[in-house]
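Text of entry-v2.cif (mmCIF, C-alpha atoms) as supplied:
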```cif
data_entry
#
loop_
_atom_site.label_atom_id
_atom_site.label_comp_id
_atom_site.auth_asym_id
_atom_site.auth_seq_id
_atom_site.Cartn_x
_atom_site.Cartn_y
_atom_site.Cartn_z
CA MET A 1 12.85 -0.62 3.65
CA PHE A 2 9.67 -2.38 4.71
CA PRO A 3 9.39 -5.82 3.06
CA PRO A 4 5.88 -7.05 2.34
CA ARG A 5 3.66 -8.69 4.85
CA SER A 6 1.61 -11.75 4.11
CA LEU A 7 -0.40 -11.28 0.96
CA SER A 8 -3.17 -13.44 2.36
CA ASN A 9 -3.38 -11.57 5.66
CA ASN A 10 -6.51 -9.48 5.18
CA GLU A 11 -7.05 -7.18 8.13
CA ARG A 12 -8.86 -3.89 8.25
CA PRO A 13 -6.36 -1.04 8.64
CA SER A 14 -6.40 0.82 11.94
CA LEU A 15 -8.98 3.57 12.08
CA PHE A 16 -8.21 7.30 12.12
CA PRO A 17 -10.69 9.29 14.23
CA TYR A 18 -11.74 12.88 13.67
CA GLN A 19 -10.00 14.94 16.36
CA LEU A 20 -10.22 18.70 16.82
CA LYS A 21 -6.61 18.85 18.00
CA GLU A 22 -5.54 17.94 14.47
CA LEU A 23 -6.80 21.34 13.35
CA LYS A 24 -3.92 22.91 15.29
CA GLU A 25 -1.51 21.31 12.83
CA LEU A 26 -3.38 22.64 9.81
CA PRO A 27 -1.35 25.88 9.35
CA ARG A 28 1.91 23.94 9.50
CA ARG A 29 0.64 21.34 7.04
CA LEU A 30 -0.64 23.98 4.64
CA PHE A 31 2.47 26.12 4.53
CA ARG A 32 5.05 23.33 4.61
CA SER A 33 5.25 21.15 1.55
CA PRO A 34 5.73 17.47 2.46
CA LYS A 35 8.67 15.88 0.67
CA SER A 36 9.00 12.32 -0.53
CA CYS A 37 11.46 10.12 1.31
CA ALA A 38 14.89 9.89 -0.26
CA SER A 39 14.63 6.09 -0.41
CA GLN A 40 11.58 6.35 -2.68
CA ARG A 41 12.79 6.80 -6.23
CA VAL A 42 9.88 8.50 -7.91
CA GLY A 43 9.55 10.91 -10.77
CA ARG A 44 6.92 13.32 -11.93
CA VAL A 45 4.99 12.60 -15.10
CA ARG A 46 3.98 15.53 -17.30
CA SER A 47 0.23 15.90 -17.32
CA PHE A 48 -2.54 18.51 -17.20
CA ARG A 49 -3.81 17.22 -13.86
CA LEU A 50 -3.94 19.66 -10.97
CA PRO A 51 -1.78 17.50 -8.68
CA SER A 52 1.47 16.04 -9.94
CA VAL A 53 1.44 12.47 -11.23
CA TYR A 54 4.23 10.42 -9.69
CA SER A 55 5.91 7.48 -11.39
CA VAL A 56 6.53 4.76 -8.80
CA ARG A 57 8.94 1.94 -9.62
CA LEU A 58 7.60 -1.60 -9.57
CA GLU A 59 10.80 -2.89 -7.95
CA ASP A 60 10.32 -0.53 -5.01
CA VAL A 61 6.78 -1.74 -4.38
CA LEU A 62 7.82 -5.39 -4.60
CA ALA A 63 10.72 -4.69 -2.21
CA GLY A 64 8.42 -3.04 0.32
CA LYS A 65 9.92 0.44 0.13
CA HIS A 66 6.56 2.21 0.36
CA LEU A 67 4.17 2.73 3.23
CA PRO A 68 0.36 2.53 3.26
CA PRO A 69 -1.52 3.02 1.01
CA LEU A 70 1.19 2.10 -1.53
CA THR A 71 2.41 -1.15 0.00
CA LEU A 72 2.58 -4.47 -1.79
CA HIS A 73 -0.46 -5.61 0.16
CA ASP A 74 -2.41 -2.53 -0.97
CA PHE A 75 -1.34 -3.13 -4.57
CA GLU A 76 -2.44 -6.75 -4.35
CA SER A 77 -5.86 -5.75 -2.99
CA TYR A 78 -6.27 -3.28 -5.83
CA LEU A 79 -5.43 -5.94 -8.42
CA VAL A 80 -7.77 -8.48 -6.83
CA HIS A 81 -10.82 -6.29 -6.27
CA ASP A 82 -10.54 -3.41 -8.75
CA GLU A 83 -8.55 -4.47 -11.78
CA ARG A 84 -9.08 -8.25 -11.54
CA SER A 85 -5.51 -9.02 -12.65
CA SER A 86 -3.79 -10.35 -9.54
CA GLU A 87 -2.24 -13.22 -11.51
CA ASN A 88 0.39 -10.85 -12.94
CA LEU A 89 1.62 -9.90 -9.49
CA TYR A 90 1.62 -13.46 -8.23
CA PHE A 91 3.60 -14.67 -11.23
CA VAL A 92 6.31 -12.04 -10.75
CA LEU A 93 6.56 -12.84 -7.04
CA TRP A 94 6.75 -16.57 -7.78
CA LEU A 95 9.40 -16.06 -10.47
CA ASN A 96 11.51 -13.90 -8.16
CA ASP A 97 11.36 -16.56 -5.49
CA TYR A 98 12.04 -19.32 -8.03
CA THR A 99 15.04 -17.41 -9.44
CA LYS A 100 16.55 -16.91 -6.00
CA GLU A 101 16.10 -20.57 -5.09
CA TYR A 102 17.51 -21.71 -8.43
CA GLN A 103 20.62 -19.59 -7.95
CA GLU A 104 21.14 -20.98 -4.44
CA TRP A 105 20.74 -24.50 -5.80
CA ASN A 106 23.42 -23.83 -8.43
CA ARG A 107 25.80 -22.53 -5.76
CA SER A 108 25.21 -25.47 -3.45
CA SER A 109 28.26 -27.40 -2.29
CA ILE A 110 26.67 -30.70 -3.35
CA PRO A 111 25.71 -30.25 -7.02
CA SER A 112 22.95 -32.40 -8.45
CA HIS A 113 20.88 -32.61 -11.61
CA TYR A 114 17.53 -32.52 -9.87
CA SER A 115 15.89 -30.53 -7.09
CA SER A 116 12.58 -31.76 -5.73
CA SER A 117 11.74 -28.34 -4.34
CA LEU A 118 12.34 -26.59 -7.67
CA ALA A 119 10.46 -29.27 -9.58
CA TYR A 120 7.46 -28.98 -7.28
CA SER A 121 7.49 -25.18 -7.50
CA TYR A 122 7.61 -25.24 -11.31
CA ARG A 123 4.87 -27.88 -11.56
CA ARG A 124 2.57 -25.86 -9.31
CA ALA A 125 3.32 -22.70 -11.30
CA LYS A 126 2.37 -24.43 -14.55
CA GLU A 127 -0.91 -25.55 -13.02
CA THR A 128 -1.59 -22.08 -11.65
CA PHE A 129 -0.47 -19.72 -14.43
CA PHE A 130 -0.15 -21.68 -17.68
CA THR A 131 -3.05 -24.13 -17.56
CA LYS A 132 -5.98 -23.18 -19.77
CA SER A 133 -9.06 -22.02 -17.84
CA ALA A 134 -7.10 -21.87 -14.58
CA THR A 135 -8.30 -19.29 -12.07
CA LEU A 136 -5.02 -17.35 -12.30
CA GLU A 137 -4.19 -18.07 -15.92
CA LEU A 138 -1.86 -15.47 -17.42
CA ASN A 139 -3.10 -13.46 -20.38
CA LEU A 140 -0.43 -14.57 -22.86
CA ASN A 141 -0.67 -15.13 -26.58
CA ALA A 142 -0.35 -18.62 -28.05
CA ASP A 143 3.10 -17.96 -29.54
CA THR A 144 4.54 -17.11 -26.13
CA LEU A 145 3.11 -20.27 -24.59
CA VAL A 146 4.51 -22.43 -27.39
CA ALA A 147 7.94 -20.83 -27.06
CA LEU A 148 7.83 -21.34 -23.29
CA SER A 149 6.93 -25.03 -23.66
CA ALA A 150 9.82 -25.52 -26.08
CA ALA A 151 12.32 -23.66 -23.89
CA ALA A 152 11.30 -25.28 -20.62
CA PRO A 153 10.87 -29.02 -21.16
CA ARG A 154 12.82 -29.99 -18.05
CA ALA A 155 11.49 -30.64 -14.57
CA HIS A 156 12.79 -27.29 -13.34
CA PRO A 157 14.02 -25.07 -16.20
CA PRO A 158 16.36 -22.12 -15.61
CA PRO A 159 14.74 -18.74 -14.90
CA SER A 160 16.03 -17.42 -18.23
CA SER A 161 13.39 -19.58 -19.93
CA PHE A 162 10.76 -17.17 -18.61
CA ALA A 163 12.45 -14.01 -19.95
CA ASP A 164 9.81 -13.25 -22.59
CA VAL A 165 6.95 -14.00 -20.21
CA ARG A 166 8.49 -11.83 -17.50
CA HIS A 167 8.87 -8.93 -19.92
CA GLN A 168 5.21 -9.08 -20.98
CA ILE A 169 3.86 -9.53 -17.47
CA GLU A 170 6.02 -6.80 -15.94
CA SER A 171 4.92 -4.39 -18.67
CA MET A 172 1.28 -5.03 -17.85
CA LEU A 173 1.99 -4.89 -14.13
CA THR A 174 3.79 -1.54 -14.48
CA GLU A 175 0.76 -0.06 -16.23
CA SER A 176 -1.46 -1.40 -13.45
CA LEU A 177 0.87 0.11 -10.86
CA GLN A 178 0.65 3.59 -12.37
CA THR A 179 -3.16 3.33 -12.44
CA PHE A 180 -3.05 2.19 -8.82
CA VAL A 181 -0.85 5.15 -7.80
CA ARG A 182 -3.19 7.59 -9.53
CA SER A 183 -6.16 6.05 -7.74
CA ARG A 184 -4.40 6.63 -4.43
CA SER A 185 -4.19 10.36 -5.16
CA ALA A 186 -7.79 10.52 -3.89
CA ASN A 187 -8.50 10.45 -0.17
CA ALA A 188 -12.23 9.72 -0.51
CA GLY A 189 -14.55 7.36 -2.31
CA ARG A 190 -16.96 8.32 -5.06
CA ASN A 191 -19.92 8.83 -2.71
CA ARG A 192 -17.97 11.10 -0.39
CA VAL A 193 -16.58 13.08 -3.34
CA LEU A 194 -20.05 13.67 -4.79
CA PHE A 195 -21.25 14.78 -1.36
CA ALA A 196 -18.30 17.20 -1.08
CA ILE A 197 -19.03 18.65 -4.53
CA PHE A 198 -22.68 19.16 -3.55
CA ILE A 199 -21.68 20.95 -0.34
CA GLY A 200 -19.23 23.09 -2.30
CA LEU A 201 -21.92 24.13 -4.78
CA VAL A 202 -24.23 25.04 -1.91
CA MET A 203 -21.47 27.18 -0.38
CA MET A 204 -20.93 28.93 -3.70
CA VAL A 205 -24.64 29.72 -3.96
CA ILE A 206 -24.63 31.07 -0.40
CA GLY A 207 -21.61 33.16 -1.32
CA LEU A 208 -23.61 34.81 -4.10
CA ALA A 209 -26.26 35.95 -1.59
CA PRO A 210 -24.52 39.27 -0.66
CA ILE A 211 -24.17 40.14 -4.35
CA LEU A 212 -27.82 39.41 -5.08
CA SER A 213 -28.95 41.23 -1.95
CA SER A 214 -26.91 44.30 -2.90
CA VAL A 215 -28.29 44.36 -6.42
CA LEU A 216 -31.95 43.65 -5.63
CA GLN A 217 -32.19 45.90 -2.55
CA SER A 218 -29.95 48.68 -3.89
CA LYS A 219 -27.51 48.43 -0.98
CA SER A 220 -23.88 49.48 -0.96
CA ARG A 221 -21.85 47.72 -3.60
CA TRP A 222 -19.09 47.11 -1.07
CA LEU A 223 -21.42 44.62 0.56
CA ARG A 224 -20.62 42.38 -2.37
CA VAL A 225 -17.10 41.87 -1.04
CA ALA A 226 -18.66 39.65 1.65
CA ALA A 227 -19.21 37.03 -1.03
CA LEU A 228 -15.47 36.34 -1.25
CA PRO A 229 -14.87 33.95 1.74
CA CYS A 230 -17.90 31.72 1.25
CA PHE A 231 -17.58 31.54 -2.52
CA TRP A 232 -13.84 30.84 -2.25
CA PHE A 233 -14.29 27.96 0.21
CA GLY A 234 -17.10 26.48 -1.86
CA ALA A 235 -15.08 26.69 -5.07
CA THR A 236 -12.08 25.11 -3.32
CA THR A 237 -14.26 22.24 -2.13
CA VAL A 238 -15.67 21.68 -5.62
CA ILE A 239 -12.26 21.72 -7.33
CA CYS A 240 -10.78 19.34 -4.74
CA GLY A 241 -13.78 17.05 -5.14
CA LEU A 242 -13.33 16.94 -8.89
CA HIS A 243 -9.83 15.55 -8.20
CA GLY A 244 -11.01 12.98 -5.66
CA VAL A 245 -9.99 14.85 -2.50
CA CYS A 246 -12.42 15.70 0.29
CA ILE A 247 -11.15 18.90 1.91
CA ILE A 248 -12.86 18.08 5.22
CA ILE A 249 -10.85 14.87 5.55
CA PHE A 250 -7.70 16.81 4.67
CA LEU A 251 -8.40 19.42 7.35
CA PHE A 252 -8.39 16.74 10.05
CA GLY A 253 -5.12 15.11 9.00
CA ASP A 254 -3.38 12.93 6.44
CA ALA A 255 -6.04 10.25 6.13
CA ARG A 256 -8.23 8.54 3.57
CA GLN A 257 -11.45 6.57 3.49
CA LEU A 258 -11.31 2.82 3.71
CA THR A 259 -12.19 1.06 0.48
CA ALA A 260 -15.12 -1.33 0.19
CA TYR A 261 -12.92 -4.42 0.38
CA GLU A 262 -11.05 -3.03 3.41
CA LEU A 263 -14.37 -2.51 5.15
CA ALA A 264 -15.19 -6.15 4.44
CA CYS A 265 -12.07 -7.28 6.33
CA PRO A 266 -12.23 -8.03 10.07
CA GLN A 267 -11.32 -5.14 12.32
CA VAL A 268 -8.23 -5.66 14.49
CA PRO A 269 -7.86 -2.94 17.16
CA THR A 270 -4.07 -2.68 16.97
CA THR A 271 -1.55 -0.19 15.69
CA PRO A 272 1.36 -0.96 13.35
CA HIS A 273 4.77 -1.73 14.77
CA TYR A 274 7.90 -1.36 12.70
CA ILE A 275 10.52 -3.68 14.11
CA SER A 276 13.73 -5.21 12.88
CA SER A 277 14.50 -8.92 13.05
CA HIS A 278 17.97 -8.63 11.52
CA PRO A 279 20.76 -9.99 13.75
CA LYS A 280 22.73 -6.73 13.48
CA ARG A 281 19.72 -4.71 14.55
CA HIS A 282 19.21 -7.01 17.52
CA SER A 283 22.81 -6.51 18.57
CA GLN A 284 22.25 -2.76 18.61
CA LEU A 285 19.31 -3.24 20.96
CA ASP A 286 21.13 -5.99 22.87
CA CYS A 287 18.16 -8.30 22.66
CA THR A 288 19.11 -11.07 20.23
CA PRO A 289 16.24 -13.58 20.06
CA SER A 290 17.03 -16.98 21.45
CA ILE A 291 16.69 -19.50 18.61
CA SER A 292 18.03 -22.90 19.53
CA SER A 293 18.60 -25.92 17.34
CA LYS A 294 16.03 -27.89 19.28
CA CYS A 295 12.34 -27.10 19.23
CA PRO A 296 11.21 -25.80 22.61
CA GLY A 297 7.78 -26.52 23.93
CA ASP A 298 5.47 -23.92 25.32
CA PRO A 299 6.59 -20.30 24.93
CA GLU A 300 7.79 -18.54 28.02
CA THR A 301 5.52 -15.91 29.48
CA PRO A 302 7.10 -12.47 29.03
CA GLU A 303 7.67 -10.39 32.14
CA PRO A 304 5.15 -7.59 32.69
CA LEU A 305 6.27 -4.09 31.87
CA SER A 306 6.99 -1.75 34.73
CA ASP A 307 5.28 1.56 35.28
CA THR A 308 8.04 3.28 33.31
CA PHE A 309 7.66 2.37 29.67
CA ASP A 310 10.91 1.04 28.22
CA ILE A 311 10.71 1.10 24.42
CA GLN A 312 13.85 -1.04 24.06
CA LYS A 313 12.49 -3.73 26.35
CA ALA A 314 9.07 -3.58 24.68
CA THR A 315 10.68 -4.06 21.27
CA CYS A 316 12.74 -6.98 22.56
CA ASP A 317 9.67 -8.64 24.05
CA LEU A 318 7.76 -8.18 20.81
CA VAL A 319 10.59 -9.72 18.77
CA GLN A 320 10.99 -12.62 21.20
CA ALA A 321 7.23 -13.26 21.20
CA THR A 322 7.29 -13.38 17.43
CA PHE A 323 9.87 -16.19 17.44
CA ASN A 324 8.05 -18.02 20.21
CA ASP A 325 4.88 -18.12 18.12
CA ILE A 326 6.60 -19.42 14.97
CA PRO A 327 5.53 -23.01 14.27
CA PRO A 328 8.21 -25.43 15.55
CA LYS A 329 8.80 -26.90 12.08
CA LEU A 330 9.95 -23.52 10.83
CA ARG A 331 11.59 -22.32 14.03
CA CYS A 332 14.23 -25.04 14.04
CA ASP A 333 15.57 -24.20 10.59
CA THR A 334 15.73 -20.42 10.87
CA GLU A 335 19.09 -20.16 12.60
CA ALA A 336 21.10 -20.38 9.39
CA ALA A 337 18.89 -17.99 7.48
CA PRO A 338 19.43 -14.23 7.74
CA PHE A 339 16.44 -12.12 8.66
CA SER A 340 15.51 -8.80 7.10
CA GLU A 341 13.31 -5.99 8.37
CA HIS A 342 9.63 -6.82 8.49
CA PHE A 343 6.47 -4.82 8.93
CA LEU A 344 4.45 -6.54 11.64
CA ARG A 345 1.28 -5.77 13.49
CA ALA A 346 0.86 -6.66 17.11
CA SER A 347 -1.87 -9.10 16.05
CA ASP A 348 0.66 -10.98 13.89
CA VAL A 349 2.72 -11.81 16.97
CA HIS A 350 0.02 -14.00 18.47
CA SER A 351 -1.29 -15.48 15.20
CA PRO A 352 1.02 -18.18 13.78
CA ALA A 353 -1.31 -18.62 10.83
CA THR A 354 -0.49 -15.09 9.64
CA ILE A 355 3.25 -15.72 9.34
CA ALA A 356 4.03 -15.43 5.65
CA PRO A 357 6.59 -17.14 3.43
CA PHE A 358 8.34 -13.75 3.27
CA LEU A 359 9.03 -13.69 7.01
CA LEU A 360 11.05 -16.88 7.25
CA THR A 361 13.24 -19.12 5.15
CA PRO A 362 11.34 -22.44 5.23
CA PRO A 363 13.04 -25.84 5.35
CA PRO A 364 14.63 -27.02 2.09
CA GLU A 365 11.79 -29.38 1.28
CA ASP A 366 9.20 -26.57 1.59
CA ARG A 367 11.11 -23.72 -0.01
CA HIS A 368 8.74 -22.62 -2.72
CA PHE A 369 6.38 -19.74 -3.26
CA ASP A 370 3.06 -20.59 -1.65
CA LEU A 371 0.71 -20.95 -4.62
CA ASP A 372 -2.03 -22.57 -2.56
CA HIS A 373 -3.16 -19.44 -0.72
CA LEU A 374 -3.38 -16.83 -3.45
CA LEU A 375 -6.35 -14.54 -3.82
CA SER A 376 -8.48 -14.61 -6.93
CA SER A 377 -10.78 -11.82 -8.05
CA GLU A 378 -13.77 -11.25 -5.82
CA PRO A 379 -16.56 -9.44 -7.70
CA GLY A 380 -19.68 -8.18 -6.00
CA LEU A 381 -18.17 -5.67 -3.58
CA SER A 382 -19.46 -2.11 -3.56
CA PRO A 383 -17.27 0.08 -5.79
CA SER A 384 -17.33 2.92 -3.28
CA PRO A 385 -17.50 3.18 0.53
CA PRO A 386 -20.38 5.02 2.19
CA VAL A 387 -20.37 8.80 2.44
CA PHE A 388 -19.31 8.86 6.07
CA GLY A 389 -17.22 5.71 5.97
CA PRO A 390 -14.33 5.31 8.43
CA LEU A 391 -10.86 6.70 7.80
CA THR A 392 -7.35 5.31 8.11
CA LYS A 393 -3.97 7.01 8.43
CA VAL A 394 -1.92 7.72 5.29
CA LEU A 395 1.81 7.21 5.83
CA ASP A 396 3.36 7.29 2.38
CA ARG A 397 4.82 10.70 1.53
CA ILE A 398 3.85 10.47 -2.11
CA CYS A 399 0.14 10.36 -1.26
CA ILE A 400 0.54 13.07 1.38
CA GLN A 401 2.31 15.27 -1.15
CA THR A 402 -0.46 14.65 -3.70
CA TYR A 403 -3.19 15.62 -1.23
CA TRP A 404 -1.29 18.79 -0.31
CA GLU A 405 -0.81 19.79 -3.94
CA THR A 406 -4.48 19.22 -4.73
CA VAL A 407 -5.72 21.31 -1.81
CA THR A 408 -3.26 24.20 -2.11
CA ARG A 409 -3.57 24.52 -5.88
CA SER A 410 -7.35 24.23 -5.71
CA ALA A 411 -7.42 26.95 -3.06
CA ALA A 412 -5.24 29.23 -5.21
CA LEU A 413 -7.39 28.63 -8.29
CA ALA A 414 -10.60 29.18 -6.33
CA LEU A 415 -9.22 32.38 -4.81
CA LEU A 416 -8.47 33.71 -8.27
CA ALA A 417 -12.00 32.88 -9.46
CA ALA A 418 -13.59 34.44 -6.36
CA PHE A 419 -11.48 37.58 -6.67
CA ILE A 420 -12.47 38.04 -10.33
CA LEU A 421 -16.12 37.55 -9.43
CA VAL A 422 -16.02 40.11 -6.62
CA VAL A 423 -14.18 42.67 -8.75
CA ILE A 424 -16.76 42.35 -11.50
CA ALA A 425 -19.61 42.54 -8.97
CA VAL A 426 -18.21 45.66 -7.31
CA ALA A 427 -17.47 47.36 -10.60
CA ALA A 428 -20.93 46.61 -12.02
#
```
Rendering of file as structure tokens:
Amino acid sequence: MFPPRSLSNNERPSLFPYQLKELKELPRRLFRSPKSCASQRVGRVRSFRLPSVYSVRLEDVLAGKHLPPLTLHDFESYLVHDERSSENLYFVLWLNDYTKEYQEWNRSSIPSHYSSSLAYSYRRAKETFFTKSATLELNLNADTLVALSAAAPRAHPPPSSFADVRHQIESMLTESLQTFVRSRSANAGRNRVLFAIFIGLVMMVIGLAPILSSVLQSKSRWLRVAALPCFWFGATTVICGLHGVCIIIFLFGDARQLTAYELACPQVPTTPHYISSHPKRHSQLDCTPSISSKCPGDPETPEPLSDTFDIQKATCDLVQATFNDIPPKLRCDTEAAPFSEHFLRASDVHSPATIAPFLLTPPPEDRHFDLDHLLSSEPGLSPSPPVFGPLTKVLDRICIQTYWETVTRSAALALLAAFILVVIAVAA
């Protein structure tokens, strides 16, 4: 499981270059169907689309069980820039955090009738989601808002008071998620797809040249068989393009074009690192991070790596550097809080500002969902990247499976069409 990174950490994904050596893997990729990971509970939806439509669970995305381009961060970017409904996601995340904190407060050894942290969190949520004309105001009917005001008059009401609101928002968010998943079945933007369709049509016209030459110049009719390869490849390209897949990108690997808003993000020349910060995982690597009750000063300089690369030592150094760069206010109170697995980039290690509320358990007085750094809709970005825009690696098996189904089924359909054409041309 890969819990979400910071929702406000906008970095351009690492680039995927065109490499000829990737063509060596093409036969294996074509004749071996990629399978979805067992941890991803997905189902196929009946439809007339050429590739299968997969039903992804909202809980899995929120829990970080999917890889790019189906991560929580990708979903948030889609809601902010494409659908303009990011408030639904932020409300669900806030309510999940509020519910967890409320339950911990109820189980506390020193019971009380008031929690300043819960009261502050609820007050900020009201200002953010339930205030009229707020930037992230939820799209709720008046009856729901009246019922919520009547059920939650206290400073920090129980999470059950938001049951009706949660049901409405999660229903809308689930619909948005399915639209998001379908949009990720394409590996290219609109401009690149139109260019691919144009190239495919040109290839189909070129494929008709042997047939026309045989008919007009009275040559052997078996010359018309030469139309099969070119017409087949052109038809495959056109059919793939109609389903949002550029076959040229697919030939060079499991990649996709960066979206317009990803291109607008700063480029960080790093590669992803999947590391574990759970105490049990550290014990397996024998590199438990040193977190003391007192706040140390300057971080210690890690020892340089030797000529022989030691992956265990490199992982330990990366984990230790992460804790060294945590702000002292948070570092002192993390000893009692369990850590879960996190998806970090190397750039996150040296950027304390990118550490998210999800990565640490903040001090009791600051334990609330950060509503001050949420992203609102940003209109004005180009709806499609340029034709030859840069690529990034696709890691989620659902998207890889969708690309494979689109290409293989398009190729089979195009082969059938080309075969029928050649048979008719030869028989004529």
Any idea what the distance is between CA of Trp232 (chain A) and CA of Ala414 (chain A)?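 Distance between the two atoms: 5.5 Å.
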I would like the residues chosen by the PyMOL selection byres ((chain A and resi 118) around 9) on the shown file; could you give them as a ChimeraX atom specification? /A:98,101-102,105,114-117,119-123,155-157,367-368
Could you check how far CA of Arg84 (chain A) sits from CA of Ile169 (chain A), in Å to one decimal?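 Between these atoms lies a distance of 14.3 Å.
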Just give me the gap between CA of Ile247 (chain A) and CA of Tyr261 (chain A) in Å, one decimal is fine.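 Between these atoms lies a distance of 23.4 Å.
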Find the residue from A:Leu95, A:Leu72, A:Leu251, A:Val407 that sits nearest to Pro158 (chain A); use all atoms listed in the file when measuring.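 Counting all atoms listed in the file, the residue closest to Pro158 (chain A) is A:Leu95.
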Regenerate region 167-173 of chain A at the level of all heavy atoms and dump it as a PDB file, in the coordinates of the input.
```
ATOM      1  N   HIS A 167       8.924 -10.244 -19.297  1.00  0.00           N
ATOM      2  CA  HIS A 167       8.870  -8.930 -19.920  1.00  0.00           C
ATOM      3  C   HIS A 167       7.427  -8.507 -20.187  1.00  0.00           C
ATOM      4  O   HIS A 167       7.045  -7.356 -19.899  1.00  0.00           O
ATOM      5  CB  HIS A 167       9.661  -8.942 -21.233  1.00  0.00           C
ATOM      6  CG  HIS A 167       9.601  -7.650 -21.986  1.00  0.00           C
ATOM      7  ND1 HIS A 167      10.266  -6.515 -21.575  1.00  0.00           N
ATOM      8  CD2 HIS A 167       8.933  -7.305 -23.132  1.00  0.00           C
ATOM      9  CE1 HIS A 167      10.018  -5.523 -22.418  1.00  0.00           C
ATOM     10  NE2 HIS A 167       9.220  -5.973 -23.363  1.00  0.00           N
ATOM     11  N   GLN A 168       6.605  -9.412 -20.695  1.00  0.00           N
ATOM     12  CA  GLN A 168       5.210  -9.080 -20.980  1.00  0.00           C
ATOM     13  C   GLN A 168       4.429  -8.812 -19.695  1.00  0.00           C
ATOM     14  O   GLN A 168       3.671  -7.840 -19.600  1.00  0.00           O
ATOM     15  CB  GLN A 168       4.547 -10.203 -21.767  1.00  0.00           C
ATOM     16  CG  GLN A 168       5.093 -10.400 -23.173  1.00  0.00           C
ATOM     17  CD  GLN A 168       4.295 -11.436 -23.942  1.00  0.00           C
ATOM     18  OE1 GLN A 168       3.087 -11.555 -23.800  1.00  0.00           O
ATOM     19  NE2 GLN A 168       4.987 -12.210 -24.770  1.00  0.00           N
ATOM     20  N   ILE A 169       4.625  -9.666 -18.711  1.00  0.00           N
ATOM     21  CA  ILE A 169       3.860  -9.530 -17.470  1.00  0.00           C
ATOM     22  C   ILE A 169       4.282  -8.279 -16.711  1.00  0.00           C
ATOM     23  O   ILE A 169       3.432  -7.541 -16.185  1.00  0.00           O
ATOM     24  CB  ILE A 169       4.038 -10.786 -16.597  1.00  0.00           C
ATOM     25  CG1 ILE A 169       3.458 -12.011 -17.307  1.00  0.00           C
ATOM     26  CG2 ILE A 169       3.357 -10.595 -15.248  1.00  0.00           C
ATOM     27  CD1 ILE A 169       2.001 -11.890 -17.672  1.00  0.00           C
ATOM     28  N   GLU A 170       5.568  -7.993 -16.648  1.00  0.00           N
ATOM     29  CA  GLU A 170       6.020  -6.800 -15.940  1.00  0.00           C
ATOM     30  C   GLU A 170       5.556  -5.527 -16.635  1.00  0.00           C
ATOM     31  O   GLU A 170       5.312  -4.513 -15.977  1.00  0.00           O
ATOM     32  CB  GLU A 170       7.534  -6.812 -15.782  1.00  0.00           C
ATOM     33  CG  GLU A 170       8.034  -7.808 -14.749  1.00  0.00           C
ATOM     34  CD  GLU A 170       9.519  -7.657 -14.473  1.00  0.00           C
ATOM     35  OE1 GLU A 170      10.199  -6.969 -15.277  1.00  0.00           O
ATOM     36  OE2 GLU A 170       9.991  -8.217 -13.471  1.00  0.00           O
ATOM     37  N   SER A 171       5.448  -5.551 -17.957  1.00  0.00           N
ATOM     38  CA  SER A 171       4.920  -4.390 -18.670  1.00  0.00           C
ATOM     39  C   SER A 171       3.469  -4.129 -18.284  1.00  0.00           C
ATOM     40  O   SER A 171       3.080  -2.986 -18.005  1.00  0.00           O
ATOM     41  CB  SER A 171       5.039  -4.596 -20.183  1.00  0.00           C
ATOM     42  OG  SER A 171       6.385  -4.722 -20.582  1.00  0.00           O
ATOM     43  N   MET A 172       2.667  -5.188 -18.258  1.00  0.00           N
ATOM     44  CA  MET A 172       1.280  -5.030 -17.850  1.00  0.00           C
ATOM     45  C   MET A 172       1.170  -4.626 -16.377  1.00  0.00           C
ATOM     46  O   MET A 172       0.333  -3.797 -16.001  1.00  0.00           O
ATOM     47  CB  MET A 172       0.506  -6.331 -18.097  1.00  0.00           C
ATOM     48  CG  MET A 172       0.336  -6.678 -19.568  1.00  0.00           C
ATOM     49  SD  MET A 172      -0.727  -8.122 -19.853  1.00  0.00           S
ATOM     50  CE  MET A 172       0.356  -9.443 -19.276  1.00  0.00           C
ATOM     51  N   LEU A 173       2.042  -5.196 -15.554  1.00  0.00           N
ATOM     52  CA  LEU A 173       1.990  -4.890 -14.130  1.00  0.00           C
ATOM     53  C   LEU A 173       2.423  -3.447 -13.859  1.00  0.00           C
ATOM     54  O   LEU A 173       1.885  -2.793 -12.954  1.00  0.00           O
ATOM     55  CB  LEU A 173       2.893  -5.867 -13.370  1.00  0.00           C
ATOM     56  CG  LEU A 173       2.666  -5.991 -11.860  1.00  0.00           C
ATOM     57  CD1 LEU A 173       1.235  -6.410 -11.576  1.00  0.00           C
ATOM     58  CD2 LEU A 173       3.639  -7.011 -11.276  1.00  0.00           C
TER      59      LEU A 173
END
```
